[in-house]
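Heads up, the thing below is written out as structure tokens.
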Amino acid sequence: MDDAATVGGGVEDTYGEDRATEEQLVTPWTVSVASGYNLLRDPRYNKGLAFTEKERETHYLRGLLPPTVISQELQQEGNERLFYKLLIDNVEELLPIVYTPTVGEACQKYGSIFSRPQGLYISLKEKGKILEVLKNWPERSIQVIVVTDGERILGLGDLGCQGMGIPVGKLSLYTALGGVRPSACLPITLDVGTNNEELLNDEFYIGLRQRRAIGQEYADFLHEFMAAVKQNYGEKVLIQFEDFANHNAFDLLARYGTTHLVFNDDIQGTASVVLAGLVAALKLVGGTLAEHTYLFLGAGEAGTGIAELIALEMSRQTKTPIDECRKKIWLVDSKGLIVSARKESLQHFKKPWAHEHEHVGNLLDAVNAIKPTVLIGTSGKGQTFTQEVVEAISSFNEMPIILALSNPTSQAECTAEQAYTWSKGRAVFATGSPFDPVEYNGKIYVPGQANNAYIFPGFGLGVVMSGAIRVHDDMLLAASEALAQQVTQENFDKGLIYPPFSNIRKISAHIAANVAAKAYELGLASRRPRPKDLVKYAESCMYSPIYRNYR
Ligand SMILES: NC(=O)C1=CN([C@@H]2O[C@H](COP(=O)(O)OP(=O)(O)OC[C@H]3O[C@@H](n4cnc5c(N)ncnc54)[C@H](OP(=O)(O)O)[C@@H]3O)[C@@H](O)[C@H]2O)C=CC1
Ligand SMILES: CC(=O)C(=O)O
Ligand SMILES: [Mg+2]
């Protein structure tokens with residue numbers, strides 16, 4: 001039986017209050033019905049001018065609102081359902097505000113804009129008491145946690161405690177794009193200090209003013225957190241690691257992948273979305289995955305994560321050992337091309353990519369030496385796909401595939417305009433942050449957005465709705481396949497390798513269904529019986545922001 005299991009009469013004892021002995025501490029939660037002024041101040045239940053006459057009468061709202069009653073569609077105020085309705089109905093327009101690039105700026109300024117808690121802050125001060133801190137969060141039935149320690153926020157570096165904007169933003173997409181209800185989502189920032197001097201000296205900084213904990217201290221803190229989450233929410237809560245630095249991210253995933261339901265969005269979600277884009281791109285440029293040659297700028301979480309999933313899919317398709325497939329993929333890091341002579345000094349996640357080749361010191365030389373058909377930027381450094389680089393890859397490819405994945409916009413390896421102009425309109429191009437369409441030689445080019453936001457909401461829904469207990473690589477491939485299948489001829493005709501975000505709820509339902517199907521096939525799904533039509537089931541599970549009627 002798990003920790004949130006039933007007691008005596010089958011009543012759920014989520015926080016163990018009924019089972020607690022007299023010596024054990026319990027949290028005195030109360031539940032009350034909101035009415036009057038308090039109801040209007042509660043973002044979860046407030047409907048503002050959309051309260052009906054009857055609701056105004058029964059909930060003591062007379063006089064607190066002007067007399068007019070208007071529909072949700074016309075409302076201009078702020079509450080949770082209205083927020084999600086607006087976001088879902090205008091997703092393409094609002095994504096850049098809720099998500100990259102604006103979320104990056106919000107993190108940079110989080111100290112000055114902090115007003116109310118949107119998630120849990122768990123700092124080193126809480127060591128030994130993390131379970132108690134989790135119990136302070138008012139929601140008990142949590143299905144998805146996005147957690148960061150703020151060390152690699154987008155391509156903006158260490159933003160410490162102010163990284164909270166990322167879990168908050170990601171989880172709002174879980175709801176808007178994937179239909180996971182907001183009350184089941186919990187954003188968490190683990191504050192283990194920051195090495196960002198500017199923040200340490202900023203009077204408005206909201207985090208601990210100390211340098212980052214490392215080594216055993218860090219590992220113990222994370223271990224307490226992971227154990228507390230499992231104890232409090234059970235085995236089936238999905239823990240999404242987000243924007244950790246790579247020296248911790250790979251280890252955390254390996255360490256907890258066998259004991260918890262964990263997913264690293266930067267390594268795994270990004271890999272799944274990029275593989276989908278590449279599979280779709282092949283319809284435009286021709287060839288199979290194995291017939292292409294890949295060069296990455298950036299060999300961290302995103303770069304090596306994508307490389308590994310491409311190699312895995314290639315290996316499945318060609319029935320060739322994965323080691324052989326890896327040889328089609330090359331990566332450049334801050335020291336140049338990753339080659340076998342560097343193997344000893346490489347971080348472990350780079351070692352599989354250290355192929356036989358002479359030293360190459362920079363990207364341009366690597367492009368000319370490797371002659372890739374696909375160039376992928378995951379360096380977090382802006383303007384690194386220079387004119388020479390784009391011209392070089394365009395000189396030996398009719399249609400080079402160029403993905404500038406680094407976020408936010410300021411860190412993109414090149415802009416859409418640069419990619420189309422320098423490739424003379426021949427590049428199949430997508431970016432991590434959104435770029436407007438570009439007119440080149442009288443033709444309009446629409447860059448797609450290669451961002452893990454296509455994958456994680458649907459992936460998470462699939463995991464949650466099937467009651468999966470572990471994440472398996474095949475579930476990432478399933479998500480990727482479902483996304484690639486959603487690209488229509490109309491999208492291809494515009495040069496797009498991703499479907500528009502305006503259809504994202506439908507796309508997410510397909511991704512969720514494919515992921516759930518794989519979880520059942522692998523014996524990892526605990527929800528029985530398996531729903532027959534998983535797409536319909538996914539749609540039926542999705543949160544809708546339409547106002548509910550109050551008694
Ligand atoms: N579009 C999307 O969905 C996603 C985009 N990203 C973006 O990708 C970027 C990287 O993220 P992530 O992989 O997690 O970061 P990491 O820190 O793990 O990796 C960065 C890599 O880039 C290399 N690098 C840095 N500067 C240069 C340079 N000037 N020349 C060559 N290589 C360089 C680093 O080299 P070294 O190892 O030598 O230090 C490292 O290998 C971020 O901007 C992030 O926003 C991430 C996830 C998803
Ligand atoms: C998109 C994302 O996860 C990142 O840039 O880190
Ligand atoms: Mg990220």
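Naming scheme: A, B, ... for chains in displayed order of the structure tokens; residues 1 onward per chain; ligands 1 onward as shown.
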What residues have any atom no more than 9 Å from ligand 2 when counting only C-alpha atoms and all ligand atoms, and can you list them as a count of residues only?
-> 28
Contacts of Leu124 (chain A) at 10 Å (only C-alpha atoms; same-chain gap of 6+ positions) as an mmCIF file with C-alpha atoms, in the first residue's frame:
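Generated output (around-v8.cif):
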data_model
loop_
_atom_site.group_PDB
_atom_site.id
_atom_site.type_symbol
_atom_site.label_atom_id
_atom_site.label_comp_id
_atom_site.auth_asym_id
_atom_site.auth_seq_id
_atom_site.Cartn_x
_atom_site.Cartn_y
_atom_site.Cartn_z
ATOM 1 C CA ILE A 130 11.045 19.377 3.527
ATOM 2 C CA LEU A 190 14.860 24.520 -4.669
ATOM 3 C CA ASP A 191 17.006 27.341 -3.349
ATOM 4 C CA VAL A 192 20.490 25.973 -2.791
ATOM 5 C CA GLY A 193 22.123 29.407 -3.166
ATOM 6 C CA LEU A 208 19.387 32.795 -0.051
ATOM 7 C CA ARG A 212 25.507 27.247 -4.251
ATOM 8 C CA ALA A 213 25.650 24.095 -2.196
ATOM 9 C CA GLU A 217 25.331 18.768 0.727
ATOM 10 C CA TYR A 218 23.514 19.225 -2.598
ATOM 11 C CA PHE A 221 19.183 18.019 0.018
#
Selection: 8 Å around region 332-341 of chain A, only C-alpha atoms, excl. self and same-chain fewer than 2 positions, as JSON, numbers by chain | {"A": [295, 296, 297, 298, 299, 330, 343, 344, 350, 353, 354, 355, 356, 357, 358, 359, 360, 361, 362, 363, 366, 379]}
Considering only C-alpha atoms, state which residue in the set A:Leu261, A:Val374, A:His348, A:Gln72 is at the smallest distance from Leu289 (chain A).
-> A:Val374
Closest to ligand 3 among A:Phe263, A:Phe459, A:Trp137, A:Tyr498, using only C-alpha atoms and all ligand atoms?
->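 Of A:Phe263, A:Phe459, A:Trp137, A:Tyr498, the one nearest ligand 3, counting only C-alpha atoms and all ligand atoms, is A:Phe263.
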Do a neighbour search on region 501-514 of chain A at 10 Å with only C-alpha atoms, toss out local chain neighbours closer than 6 positions, and write the hits as a PyMOL selection string.
-> chain A and resi 88-93+95+174-179+448-449+453-466+475-487+520+531+533-542
So, counting only C-alpha atoms, which residue among A:His247, A:Lys371, A:Arg426, A:Arg326 is closest to Leu346 (chain A)?
->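 The shortest atom-to-atom distance to Leu346 (chain A) comes from A:His247.
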